[in-house]
$ cat structure.txt   # compact mmCIF, C-alpha atoms
# COMPACT_ATOMS: atom_id res chain seq x y z
CA MET A 30 102.51 26.43 98.14
CA LYS A 31 99.44 24.42 97.17
CA TYR A 32 97.35 25.33 100.21
CA VAL A 33 96.72 21.73 101.23
CA ASP A 34 99.68 19.73 102.61
CA GLU A 35 101.08 22.74 104.46
CA TYR A 36 97.99 22.75 106.66
CA ARG A 37 98.29 19.04 107.47
CA ASP A 38 101.78 19.18 109.02
CA GLY A 39 101.94 16.87 112.04
CA LYS A 40 104.74 18.75 113.76
CA LEU A 41 102.86 22.05 113.62
CA ALA A 42 99.72 20.26 114.85
CA ARG A 43 101.53 18.97 117.92
CA GLY A 44 102.70 22.50 118.62
CA VAL A 45 99.15 23.86 118.47
CA ALA A 46 98.00 20.92 120.63
CA ALA A 47 100.58 21.90 123.23
CA ALA A 48 99.27 25.47 123.17
CA ILE A 49 95.71 24.14 123.66
CA ALA A 50 96.84 21.99 126.59
CA ARG A 51 98.58 24.98 128.16
CA ASP A 52 95.68 27.41 127.68
CA SER A 53 92.73 25.18 128.59
CA ASP A 54 91.64 25.40 132.21
CA PRO A 55 91.60 21.89 133.78
CA ALA A 56 88.92 23.03 136.22
CA ARG A 57 86.30 23.44 133.49
CA ASN A 58 84.84 21.64 130.50
CA TYR A 59 84.69 23.01 126.97
CA ALA A 60 81.93 21.77 124.65
CA LEU A 61 82.63 23.16 121.18
CA MET A 62 80.33 22.48 118.26
CA GLU A 63 81.75 22.20 114.77
CA PHE A 64 78.77 23.07 112.65
CA CYS A 65 80.01 21.69 109.33
CA GLY A 66 80.28 18.14 108.14
CA GLY A 67 83.59 19.14 106.56
CA HIS A 68 85.00 19.84 110.01
CA THR A 69 83.47 16.64 111.44
CA HIS A 70 85.21 14.70 108.69
CA ALA A 71 88.58 16.42 109.31
CA ILE A 72 88.35 15.85 113.08
CA SER A 73 87.66 12.13 112.61
CA ARG A 74 90.02 11.54 109.71
CA TYR A 75 93.05 13.19 111.30
CA GLY A 76 92.28 11.99 114.83
CA LEU A 77 92.22 15.55 116.17
CA GLU A 78 90.29 14.52 119.30
CA ASP A 79 93.37 12.53 120.34
CA LEU A 80 95.33 15.78 120.39
CA LEU A 81 92.85 17.53 122.70
CA PRO A 82 92.77 17.44 126.49
CA GLY A 83 89.97 15.31 128.00
CA ASN A 84 87.96 18.35 129.07
CA VAL A 85 87.67 19.69 125.49
CA ARG A 86 84.81 17.90 123.74
CA MET A 87 83.84 18.38 120.10
CA VAL A 88 80.09 18.16 119.47
CA HIS A 89 79.18 17.36 115.87
CA GLY A 90 76.61 19.75 114.41
CA PRO A 91 73.98 19.51 111.67
CA GLY A 92 76.02 21.08 108.87
CA CYS A 93 75.80 18.24 106.39
CA PRO A 94 73.07 18.99 103.85
CA VAL A 95 72.57 15.32 102.98
CA CYS A 96 72.07 14.52 106.66
CA VAL A 97 69.45 17.19 107.33
CA LEU A 98 67.37 16.44 104.22
CA PRO A 99 64.14 14.84 105.45
CA VAL A 100 62.86 11.53 104.08
CA GLY A 101 59.89 13.28 102.46
CA ARG A 102 62.12 15.25 100.08
CA ILE A 103 63.82 12.03 98.95
CA ASP A 104 60.36 10.55 98.37
CA MET A 105 59.45 13.60 96.26
CA ALA A 106 62.63 13.13 94.20
CA LEU A 107 61.73 9.46 93.73
CA GLN A 108 58.28 10.53 92.48
CA LEU A 109 59.95 12.86 90.00
CA ALA A 110 62.35 10.17 88.82
CA ALA A 111 59.43 7.78 88.27
CA LYS A 112 57.94 10.09 85.61
CA PRO A 113 58.70 8.54 82.22
CA ASN A 114 60.10 11.67 80.61
CA VAL A 115 62.21 12.89 83.52
CA THR A 116 65.99 12.64 83.77
CA LEU A 117 66.94 13.39 87.38
CA CYS A 118 70.48 14.70 87.91
CA CYS A 119 72.01 14.81 91.37
CA TYR A 120 75.26 15.03 93.31
CA GLY A 121 76.70 11.63 94.20
CA ASP A 122 76.06 11.98 97.95
CA LEU A 123 72.31 11.73 97.40
CA MET A 124 72.22 8.37 95.64
CA ARG A 125 72.16 6.17 98.74
CA VAL A 126 70.09 8.32 101.11
CA PRO A 127 67.21 6.14 102.30
CA GLY A 128 63.68 7.27 101.41
CA SER A 129 60.53 5.54 102.62
CA ARG A 130 60.18 1.74 102.45
CA GLY A 131 63.92 1.23 101.97
CA ASN A 132 63.88 2.91 98.58
CA SER A 133 66.71 5.18 97.38
CA LEU A 134 67.72 6.89 94.15
CA LEU A 135 70.30 4.16 93.61
CA ARG A 136 67.61 1.47 93.84
CA ALA A 137 65.26 3.44 91.61
CA LYS A 138 68.07 3.78 89.07
CA ALA A 139 68.72 0.03 89.23
CA ALA A 140 65.00 -0.49 88.61
CA GLY A 141 65.23 1.56 85.41
CA ALA A 142 64.65 5.20 86.36
CA ASP A 143 66.80 7.72 84.47
CA ILE A 144 68.89 9.10 87.34
CA ARG A 145 72.34 10.48 86.63
CA MET A 146 75.08 11.44 89.03
CA VAL A 147 76.73 14.75 88.13
CA TYR A 148 79.68 16.68 89.54
CA SER A 149 78.31 20.10 88.70
CA THR A 150 75.15 21.92 87.65
CA LEU A 151 77.11 22.65 84.46
CA ASP A 152 77.04 18.91 83.67
CA ALA A 153 73.26 18.84 84.12
CA LEU A 154 72.99 21.72 81.62
CA VAL A 155 75.10 19.76 79.12
CA ILE A 156 72.65 16.84 79.43
CA ALA A 157 69.66 19.17 78.96
CA GLU A 158 71.26 20.64 75.85
CA ALA A 159 72.20 17.27 74.36
CA GLU A 160 68.82 15.63 75.03
CA PRO A 161 66.11 18.20 74.28
CA SER A 162 63.34 15.57 74.39
CA ARG A 163 64.04 14.79 78.08
CA ASP A 164 62.84 16.86 81.05
CA VAL A 165 66.11 17.32 82.92
CA VAL A 166 65.63 18.07 86.64
CA PHE A 167 68.57 18.99 88.86
CA PHE A 168 68.06 17.80 92.46
CA ALA A 169 69.63 20.80 94.23
CA ILE A 170 70.74 20.50 97.82
CA GLY A 171 73.31 22.27 99.95
CA PHE A 172 74.04 25.24 102.13
CA GLU A 173 75.15 28.70 100.97
CA THR A 174 78.27 27.24 99.33
CA THR A 175 76.30 25.19 96.84
CA THR A 176 73.48 27.66 96.18
CA PRO A 177 75.33 30.08 93.84
CA PRO A 178 76.18 27.27 91.37
CA THR A 179 72.46 26.39 91.24
CA ALA A 180 71.53 30.05 90.72
CA LEU A 181 74.01 30.33 87.86
CA SER A 182 72.65 27.17 86.22
CA ILE A 183 69.21 28.80 86.03
CA ARG A 184 70.73 31.99 84.62
CA LEU A 185 72.58 29.92 81.97
CA ALA A 186 69.50 27.82 81.14
CA LEU A 187 67.59 31.06 80.55
CA LYS A 188 70.37 32.44 78.35
CA ARG A 189 70.63 29.23 76.32
CA ASP A 190 66.82 28.94 76.15
CA LEU A 191 66.79 25.47 77.71
CA GLY A 192 63.08 24.96 78.32
CA ASN A 193 63.62 21.35 79.37
CA PHE A 194 65.76 22.22 82.43
CA SER A 195 64.42 22.72 85.95
CA VAL A 196 65.57 22.58 89.56
CA PHE A 197 64.12 20.69 92.54
CA CYS A 198 65.30 23.16 95.15
CA ASN A 199 66.31 22.04 98.65
CA HIS A 200 68.83 24.74 99.51
CA VAL A 201 69.03 25.55 103.21
CA LEU A 202 70.58 28.32 105.29
CA THR A 203 73.27 27.95 107.94
CA PRO A 204 72.31 30.77 110.34
CA SER A 205 68.77 29.36 110.85
CA ALA A 206 70.15 25.99 111.92
CA ILE A 207 72.65 27.49 114.35
CA GLU A 208 69.91 29.63 115.82
CA ARG A 209 67.72 26.55 116.35
CA ILE A 210 70.51 24.73 118.18
CA LEU A 211 71.11 27.73 120.41
CA ALA A 212 67.39 28.04 121.13
CA CYS A 213 67.14 24.31 121.97
CA ASP A 214 68.82 24.58 125.36
CA SER A 215 66.08 22.37 126.79
CA ASP A 216 67.82 19.34 125.30
CA GLY A 217 70.61 19.88 127.75
CA VAL A 218 73.39 20.42 125.23
CA ARG A 219 75.35 23.36 126.47
CA ILE A 220 77.63 24.62 123.74
CA ASP A 221 80.44 26.96 124.76
CA GLY A 222 81.37 28.04 121.25
CA PHE A 223 81.13 27.29 117.55
CA VAL A 224 83.67 26.42 114.90
CA GLY A 225 82.02 28.34 112.04
CA PRO A 226 81.73 27.03 108.47
CA ALA A 227 84.62 27.36 106.04
CA HIS A 228 83.21 27.45 102.53
CA VAL A 229 79.76 28.71 103.47
CA SER A 230 81.62 31.73 104.84
CA THR A 231 83.52 32.31 101.60
CA VAL A 232 80.06 33.15 100.21
CA ILE A 233 78.22 34.84 103.12
CA GLY A 234 81.26 36.24 104.96
CA THR A 235 81.75 36.35 108.72
CA ALA A 236 79.28 39.18 109.34
CA PRO A 237 76.10 37.01 109.61
CA PHE A 238 77.58 35.20 112.62
CA ARG A 239 77.86 38.40 114.64
CA ARG A 240 74.23 38.01 115.66
CA PHE A 241 74.93 34.71 117.48
CA ALA A 242 77.99 36.05 119.19
CA GLN A 243 75.97 39.01 120.45
CA ASP A 244 72.45 37.65 121.11
CA PHE A 245 73.47 34.27 122.52
CA ALA A 246 76.84 35.33 123.97
CA LYS A 247 78.68 32.50 122.19
CA PRO A 248 82.05 32.81 120.50
CA VAL A 249 82.27 31.83 116.82
CA VAL A 250 85.53 31.14 115.00
CA VAL A 251 85.22 30.62 111.24
CA ALA A 252 87.78 27.97 110.27
CA GLY A 253 89.17 26.21 107.21
CA PHE A 254 88.68 22.48 106.65
CA GLU A 255 92.31 21.38 107.01
CA PRO A 256 93.36 19.81 110.33
CA LEU A 257 95.64 22.70 111.35
CA ASP A 258 92.83 25.16 110.64
CA VAL A 259 90.53 23.25 112.98
CA MET A 260 93.20 23.02 115.71
CA GLN A 261 93.89 26.73 115.56
CA ALA A 262 90.17 27.52 115.71
CA ILE A 263 89.80 25.33 118.82
CA LEU A 264 92.63 27.25 120.48
CA MET A 265 91.02 30.58 119.54
CA LEU A 266 87.67 29.41 120.98
CA ILE A 267 89.27 28.23 124.23
CA ARG A 268 90.96 31.60 124.64
CA GLN A 269 87.65 33.42 124.06
CA VAL A 270 85.86 31.20 126.59
CA ASN A 271 88.64 31.76 129.16
CA ASP A 272 88.47 35.52 128.66
CA GLY A 273 84.67 35.57 128.78
CA ARG A 274 84.64 37.03 125.26
CA HIS A 275 82.05 36.19 122.61
CA GLU A 276 83.27 37.55 119.33
CA VAL A 277 83.32 36.42 115.73
CA GLU A 278 86.90 35.63 114.75
CA ASN A 279 88.19 34.50 111.39
CA GLN A 280 90.83 31.79 111.28
CA TYR A 281 90.31 31.14 107.52
CA ILE A 282 91.57 34.58 106.50
CA ARG A 283 93.18 33.23 103.35
CA ALA A 284 89.75 32.62 101.80
CA VAL A 285 87.08 34.33 103.91
CA THR A 286 86.35 38.04 104.25
CA GLU A 287 83.90 39.90 106.45
CA HIS A 288 81.33 40.40 103.73
CA GLY A 289 81.91 37.34 101.54
CA ASN A 290 81.41 37.00 97.81
CA ARG A 291 79.07 39.82 96.73
CA ILE A 292 78.65 38.50 93.18
CA ALA A 293 77.50 35.12 94.52
CA GLN A 294 75.17 36.80 97.01
CA ALA A 295 73.61 38.94 94.25
CA GLU A 296 73.03 35.90 92.00
CA VAL A 297 71.32 34.02 94.83
CA ALA A 298 69.21 37.03 95.82
CA ASP A 299 68.06 37.48 92.23
CA ILE A 300 66.90 33.88 91.69
CA PHE A 301 65.77 32.68 95.13
CA GLU A 302 63.52 33.82 97.97
CA LEU A 303 62.91 32.52 101.50
CA ARG A 304 60.47 29.69 102.16
CA GLU A 305 58.23 30.36 105.17
CA ASN A 306 59.05 26.91 106.55
CA PHE A 307 61.20 23.93 105.70
CA GLU A 308 61.57 20.59 107.43
CA TRP A 309 65.05 19.57 108.62
CA ARG A 310 65.81 16.08 109.74
CA GLY A 311 66.43 16.19 113.46
CA LEU A 312 65.51 19.85 113.86
CA GLY A 313 61.90 19.82 112.61
CA GLN A 314 60.17 22.70 110.79
CA LEU A 315 62.37 25.79 110.80
CA PRO A 316 60.96 29.16 109.68
CA ASP A 317 62.91 31.14 107.05
CA SER A 318 65.52 28.39 106.83
CA ALA A 319 65.41 27.42 103.15
CA LEU A 320 65.10 28.87 99.67
CA ARG A 321 62.75 28.45 96.72
CA LEU A 322 62.71 29.93 93.23
CA LYS A 323 61.11 33.33 92.79
CA ASP A 324 57.89 33.58 90.73
CA ALA A 325 59.85 35.13 87.86
CA TYR A 326 61.68 31.79 87.50
CA ALA A 327 58.65 29.54 88.14
CA GLY A 328 59.24 27.77 84.83
CA PHE A 329 62.50 26.42 86.20
CA ASP A 330 60.94 25.27 89.48
CA ALA A 331 60.41 21.49 89.32
CA GLU A 332 57.97 21.59 92.25
CA ARG A 333 55.61 23.85 90.30
CA ARG A 334 56.31 22.43 86.87
CA PHE A 335 55.44 18.87 87.92
CA ALA A 336 52.85 19.94 90.54
CA LEU A 337 54.67 18.08 93.31
CA ASP A 338 52.94 17.93 96.69
CA ASP A 339 54.93 18.13 99.91
CA ILE A 340 55.45 14.71 101.41
CA SER A 341 56.07 14.29 105.09
CA ALA A 342 57.49 10.88 105.93
CA SER A 343 58.98 9.55 109.12
CA ASP A 344 62.45 8.21 109.78
CA ASN A 345 63.17 4.64 110.80
CA PRO A 346 61.92 4.81 114.43
CA ALA A 347 65.10 3.25 115.83
CA CYS A 348 67.37 5.71 113.96
CA GLU A 349 68.95 8.34 116.22
CA CYS A 350 70.04 10.70 113.41
CA GLY A 351 67.82 13.43 114.84
CA ALA A 352 69.43 13.42 118.29
CA ILE A 353 72.90 13.02 116.75
CA LEU A 354 72.33 16.04 114.48
CA ARG A 355 71.40 18.15 117.51
CA GLY A 356 74.54 16.99 119.32
CA VAL A 357 72.47 15.26 122.04
CA LYS A 358 73.69 11.74 121.27
CA ARG A 359 76.88 10.29 119.86
CA PRO A 360 76.81 7.83 116.94
CA ALA A 361 77.83 4.81 119.04
CA GLU A 362 74.84 5.47 121.32
CA CYS A 363 72.45 4.50 118.50
CA ARG A 364 71.28 0.87 118.57
CA LEU A 365 71.49 0.62 114.79
CA PHE A 366 75.08 1.93 114.57
CA GLY A 367 77.42 -0.70 113.19
CA THR A 368 74.79 -3.42 113.39
CA VAL A 369 72.23 -2.99 110.64
CA CYS A 370 73.39 0.56 109.82
CA THR A 371 76.76 0.82 108.07
CA PRO A 372 77.89 2.89 105.06
CA GLU A 373 77.05 -0.16 102.89
CA THR A 374 73.48 -0.38 104.20
CA PRO A 375 72.69 3.02 105.72
CA MET A 376 69.45 3.27 107.72
CA GLY A 377 69.82 6.99 108.36
CA SER A 378 71.34 9.90 106.52
CA CYS A 379 74.21 10.47 108.98
CA MET A 380 75.68 7.17 107.79
CA VAL A 381 75.38 8.06 104.09
CA SER A 382 77.53 11.10 103.51
CA SER A 383 81.20 10.78 104.44
CA GLU A 384 80.65 14.07 106.29
CA GLY A 385 77.90 12.59 108.46
CA ALA A 386 78.77 12.07 112.11
CA CYS A 387 77.96 8.33 111.94
CA ALA A 388 79.94 7.66 108.75
CA ALA A 389 82.93 9.60 110.12
CA HIS A 390 82.79 7.62 113.36
CA TRP A 391 82.40 4.36 111.45
CA SER A 392 85.37 5.06 109.17
CA TYR A 393 87.78 6.48 111.74
CA GLY A 394 86.49 7.10 115.27
CA ARG A 395 85.45 3.59 116.29
CA PHE A 396 89.02 2.31 115.92
CA ARG A 397 90.20 4.98 118.33
CA ASP A 398 87.48 4.01 120.81
CA HIS A 399 88.57 0.41 120.47
CA ALA A 400 92.24 1.23 121.09
CA ARG A 401 91.25 3.35 124.08
CA ARG A 402 89.23 0.51 125.62
CA LYS A 403 92.13 -1.87 125.13
CA THR A 404 94.60 0.36 126.92
CA ALA A 405 92.15 1.17 129.73
CA MET B 11 79.03 18.48 100.50
CA CYS B 12 80.72 21.82 100.97
CA LEU B 13 83.94 20.09 99.98
CA ALA B 14 86.07 22.50 97.99
CA ILE B 15 89.66 22.28 96.89
CA PRO B 16 92.37 24.77 95.98
CA ALA B 17 93.02 24.95 92.24
CA GLU B 18 95.47 27.03 90.21
CA VAL B 19 94.17 29.10 87.29
CA ILE B 20 96.02 28.05 84.11
CA GLU B 21 94.06 29.76 81.34
CA LEU B 22 91.17 32.20 81.20
CA LEU B 23 88.56 31.21 78.58
CA PRO B 24 85.50 32.90 77.03
CA ASP B 25 82.06 32.76 78.70
CA GLN B 26 83.55 33.21 82.18
CA MET B 27 85.20 29.80 82.10
CA ALA B 28 88.77 28.88 83.01
CA ARG B 29 91.11 25.94 82.84
CA VAL B 30 92.50 25.12 86.27
CA SER B 31 94.98 22.63 87.63
CA VAL B 32 94.10 20.61 90.71
CA ASP B 33 97.50 19.30 91.78
CA GLY B 34 98.37 18.66 88.12
CA VAL B 35 94.94 17.47 86.95
CA GLY B 36 93.37 19.85 84.43
CA LYS B 37 89.72 20.85 84.70
CA LEU B 38 87.32 23.31 83.05
CA VAL B 39 85.46 25.40 85.61
CA SER B 40 83.23 28.47 85.79
CA VAL B 41 84.72 31.66 87.18
CA ALA B 42 81.48 33.63 86.84
CA LEU B 43 81.37 34.24 90.59
CA LEU B 44 84.74 36.04 90.66
CA ASP B 45 86.13 39.19 89.15
CA GLU B 46 89.73 40.28 88.65
CA LEU B 47 91.19 36.83 88.25
CA ALA B 48 94.70 36.33 86.88
CA ILE B 49 96.63 33.32 85.62
CA GLY B 50 98.55 31.78 88.51
CA ASP B 51 95.91 32.74 91.11
CA TYR B 52 94.66 29.98 93.38
CA VAL B 53 90.91 29.65 93.85
CA VAL B 54 88.66 27.56 96.08
CA LEU B 55 86.86 25.19 93.70
CA HIS B 56 83.43 23.78 94.53
CA VAL B 57 81.19 21.70 92.22
CA GLY B 58 82.73 23.20 89.10
CA PHE B 59 82.69 26.82 90.28
CA ALA B 60 85.48 28.98 91.68
CA LEU B 61 84.05 30.47 94.89
CA THR B 62 86.81 32.72 96.09
CA ARG B 63 90.43 33.68 95.50
CA ILE B 64 92.99 32.43 98.02
CA ASP B 65 95.07 35.26 99.42
CA PRO B 66 98.70 34.04 99.38
CA GLU B 67 99.84 36.66 101.89
CA GLU B 68 97.19 35.69 104.46
CA ALA B 69 97.90 32.01 103.81
CA ARG B 70 101.57 32.52 104.67
CA ARG B 71 100.68 34.58 107.73
CA THR B 72 98.42 31.79 109.06
CA LEU B 73 101.20 29.22 108.64
CA ALA B 74 103.71 31.50 110.36
CA LEU B 75 101.32 32.00 113.27
CA LEU B 76 100.74 28.23 113.56
CA GLY B 77 104.49 27.66 113.73
CA GLN B 78 104.90 30.39 116.30
CA LEU B 79 102.16 28.94 118.57
CA GLY B 80 104.00 25.65 118.89
CA ALA B 81 107.42 27.26 119.22
CA GLU B 82 106.23 29.33 122.18
CA VAL B 83 104.96 26.34 124.14
CA LEU B 84 107.52 23.74 123.17
CA ALA B 85 110.51 26.06 123.61

$ encode --input "structure.txt" --output "structure tokens"
Amino acid sequence: MKYVDEYRDGKLARGVAAAIARDSDPARNYALMEFCGGHTHAISRYGLEDLLPGNVRMVHGPGCPVCVLPVGRIDMALQLAAKPNVTLCCYGDLMRVPGSRGNSLLRAKAAGADIRMVYSTLDALVIAEAEPSRDVVFFAIGFETTTPPTALSIRLALKRDLGNFSVFCNHVLTPSAIERILACDSDGVRIDGFVGPAHVSTVIGTAPFRRFAQDFAKPVVVAGFEPLDVMQAILMLIRQVNDGRHEVENQYIRAVTEHGNRIAQAEVADIFELRENFEWRGLGQLPDSALRLKDAYAGFDAERRFALDDISASDNPACECGAILRGVKRPAECRLFGTVCTPETPMGSCMVSSEGACAAHWSYGRFRDHARRKTA
Amino acid sequence: MCLAIPAEVIELLPDQMARVSVDGVGKLVSVALLDELAIGDYVVLHVGFALTRIDPEEARRTLALLGQLGAEVLA
């Protein structure tokens, strides 16, 4: 068992689809939000929507950290990269995210800035160690999954006395975003239940989702990122909705526990603290929704070290990323989708990351729509 | 972004590092976030860090349940 192919078995998927068809009530609609980009990607890639009855609709949520990063933070990173002594390290997803005036890290790199794509914070530390004359800044983004690796990089930098290493911190928190979506009922998106995050939950556990199940009376099923995991979670949600239950259930029991990874939580709690406010693309300013470095680690905080000011910049006015991230609009409803905005020339962040709703629809979903129109 | 893949622990190394195999491809990763790891364990690997151990018993149980769901309806 390698824990991958087994959970992609088409025959098993058709069986679960049959169970969903049997258990879903044709007299009602089910709007289920998958919070994570990883789930959005799996749903599009494996054509899971084709296996669902017409009254079960998947709404794509804002759980792609690249997608929710506002333009202003990209502009701040571009400012950092423009400093002659700075080497900016980042995950590959960030390279093509559009900043203001059509600029991006990829363009800045082409123009001569020292920007390097890394797989891990460990790689950024190797660069800092090998090039002591450079100020190596790691552009940290991500939800709770990606935060512990950043925390450990700071711990290691301290241990190895790497004074030339710092972090531009953009880590955000899943529960705050879910809460915002639930509080935004005015938009008219009624969500019947949530497919909860897979790898975020390996770190934080299932316990933090209890609050939503209780306060907002919505079922949450934490699910793995393989197609069978998602199908089973949808079935579990439909059963909860039918029974009028709103509990937190765990489909991803092979990797997720109730209380998560305590070592990772302790590392994060030691290095980071809550920011009062942080801007999310599409969701606006959210209180207590992001992290920054504690004062004790101020020397590793790129924002303080380089005296960066917050930049607030606006999106391309025609871009519908905001509404798409809240689940109010679908990618094809954006005027830019597939015209000027494609993965080659993204106008908005949802088209950049392969986990973004627009990129997933561009790569997989639009062909299904096309086939559907042809047969209609 | 939260992409993570199952990897098998091949060798435990000093400084909380380990050599893992991702479907046959070897990689050096940090296991600082886990305790009680043994050779042959599968972990969920994310940006160079093992985040959690995969429980083989629960993994089998999930697959059995998935098979059972279909069998009930399609029988």

$ closest_residue --input "structure.txt" --among "B:Ile15, B:Val57, B:Val39, B:Leu47" --to "chain A" --atoms "all atoms listed in the file"
B:Val57

$ closest_residue --input "structure.txt" --among "B:Gln78, B:Ser40, B:Asp65, B:Arg70" --to "chain A" --atoms "only C-alpha atoms"
B:Asp65

$ atom_distance --input "structure.txt" --atom1 "CA of Ala48 in chain B" --atom2 "CA of Lys31 in chain A"
16.4 Å

$ residues_around --input "structure.txt" --residues "Asp51 in chain B" --least-positions-apart "2" --cutoff "12 Å" --atoms "only C-alpha atoms" --output "VMD selection string"
(chain A and resid 30 to 32) or (chain B and resid 16 to 22 28 to 31 41 44 to 49 53 to 54 60 62 to 66)

$ interface_residues --input "structure.txt" --of "chain B" --to "chain A" --cutoff "8 Å" --atoms "only C-alpha atoms" --output "JSON, numbers by chain"
{"B": [11, 12, 13, 14, 16, 33, 43, 44, 54, 56, 57, 58, 59, 61, 62, 63, 64, 65, 66, 67, 68, 69, 72, 73, 76, 77, 79, 80, 81, 83, 84]}

$ atom_distance --input "structure.txt" --atom1 "CA of Glu349 in chain A" --atom2 "CA of Arg304 in chain A"
26.9 Å

$ atom_distance --input "structure.txt" --atom1 "CA of Val97 in chain A" --atom2 "CA of Ser129 in chain A"
15.4 Å

$ closest_residue --input "structure.txt" --among "A:Ala298, A:Gln314, A:Ile210, A:Arg163" --to "Pro113 in chain A" --atoms "all atoms listed in the file"
A:Arg163

$ residues_around --input "structure.txt" --residues "Ala56 in chain A" --least-positions-apart "3" --cutoff "12 Å" --atoms "all atoms listed in the file" --output "list in words"
Asp52, Ser53, Tyr59, Pro82, Gly83, Asn84, Val85 and Asn271 of chain A

$ closest_residue --input "structure.txt" --among "A:Val297, A:Ile340, A:Leu266, A:Leu123" --to "Ala60 in chain A" --atoms "all atoms listed in the file"
A:Leu266

$ build_atoms --input "structure.txt" --residues "range 191-196 of chain A" --atoms "all heavy atoms" --output "PDB file, in the coordinates of the input"
ATOM      1  N   LEU A 191      66.986  26.891  77.440  1.00  0.00           N
ATOM      2  CA  LEU A 191      66.790  25.470  77.710  1.00  0.00           C
ATOM      3  C   LEU A 191      65.472  25.266  78.469  1.00  0.00           C
ATOM      4  O   LEU A 191      65.439  25.275  79.694  1.00  0.00           O
ATOM      5  CB  LEU A 191      67.961  24.922  78.542  1.00  0.00           C
ATOM      6  CG  LEU A 191      69.313  24.812  77.835  1.00  0.00           C
ATOM      7  CD1 LEU A 191      70.393  24.380  78.803  1.00  0.00           C
ATOM      8  CD2 LEU A 191      69.220  23.827  76.683  1.00  0.00           C
ATOM      9  N   GLY A 192      64.407  25.113  77.722  1.00  0.00           N
ATOM     10  CA  GLY A 192      63.080  24.960  78.320  1.00  0.00           C
ATOM     11  C   GLY A 192      62.882  23.630  79.005  1.00  0.00           C
ATOM     12  O   GLY A 192      61.897  23.430  79.726  1.00  0.00           O
ATOM     13  N   ASN A 193      63.790  22.692  78.787  1.00  0.00           N
ATOM     14  CA  ASN A 193      63.620  21.350  79.370  1.00  0.00           C
ATOM     15  C   ASN A 193      64.441  21.169  80.653  1.00  0.00           C
ATOM     16  O   ASN A 193      64.632  20.067  81.125  1.00  0.00           O
ATOM     17  CB  ASN A 193      64.032  20.272  78.358  1.00  0.00           C
ATOM     18  CG  ASN A 193      65.505  20.365  77.972  1.00  0.00           C
ATOM     19  OD1 ASN A 193      66.077  21.455  77.984  1.00  0.00           O
ATOM     20  ND2 ASN A 193      66.111  19.248  77.630  1.00  0.00           N
ATOM     21  N   PHE A 194      64.951  22.305  81.209  1.00  0.00           N
ATOM     22  CA  PHE A 194      65.760  22.220  82.430  1.00  0.00           C
ATOM     23  C   PHE A 194      64.985  22.805  83.597  1.00  0.00           C
ATOM     24  O   PHE A 194      64.343  23.847  83.474  1.00  0.00           O
ATOM     25  CB  PHE A 194      67.065  22.995  82.234  1.00  0.00           C
ATOM     26  CG  PHE A 194      67.955  23.012  83.451  1.00  0.00           C
ATOM     27  CD1 PHE A 194      68.756  21.916  83.765  1.00  0.00           C
ATOM     28  CD2 PHE A 194      67.995  24.114  84.313  1.00  0.00           C
ATOM     29  CE1 PHE A 194      69.578  21.920  84.888  1.00  0.00           C
ATOM     30  CE2 PHE A 194      68.817  24.127  85.432  1.00  0.00           C
ATOM     31  CZ  PHE A 194      69.604  23.024  85.718  1.00  0.00           C
ATOM     32  N   SER A 195      65.008  22.131  84.748  1.00  0.00           N
ATOM     33  CA  SER A 195      64.420  22.720  85.950  1.00  0.00           C
ATOM     34  C   SER A 195      65.184  22.224  87.180  1.00  0.00           C
ATOM     35  O   SER A 195      66.042  21.357  87.089  1.00  0.00           O
ATOM     36  CB  SER A 195      62.929  22.363  86.066  1.00  0.00           C
ATOM     37  OG  SER A 195      62.765  20.963  86.148  1.00  0.00           O
ATOM     38  N   VAL A 196      64.845  22.838  88.328  1.00  0.00           N
ATOM     39  CA  VAL A 196      65.570  22.580  89.560  1.00  0.00           C
ATOM     40  C   VAL A 196      64.590  22.182  90.666  1.00  0.00           C
ATOM     41  O   VAL A 196      63.579  22.863  90.865  1.00  0.00           O
ATOM     42  CB  VAL A 196      66.356  23.854  89.978  1.00  0.00           C
ATOM     43  CG1 VAL A 196      66.837  23.752  91.416  1.00  0.00           C
ATOM     44  CG2 VAL A 196      67.536  24.089  89.037  1.00  0.00           C
TER      45      VAL A 196
END
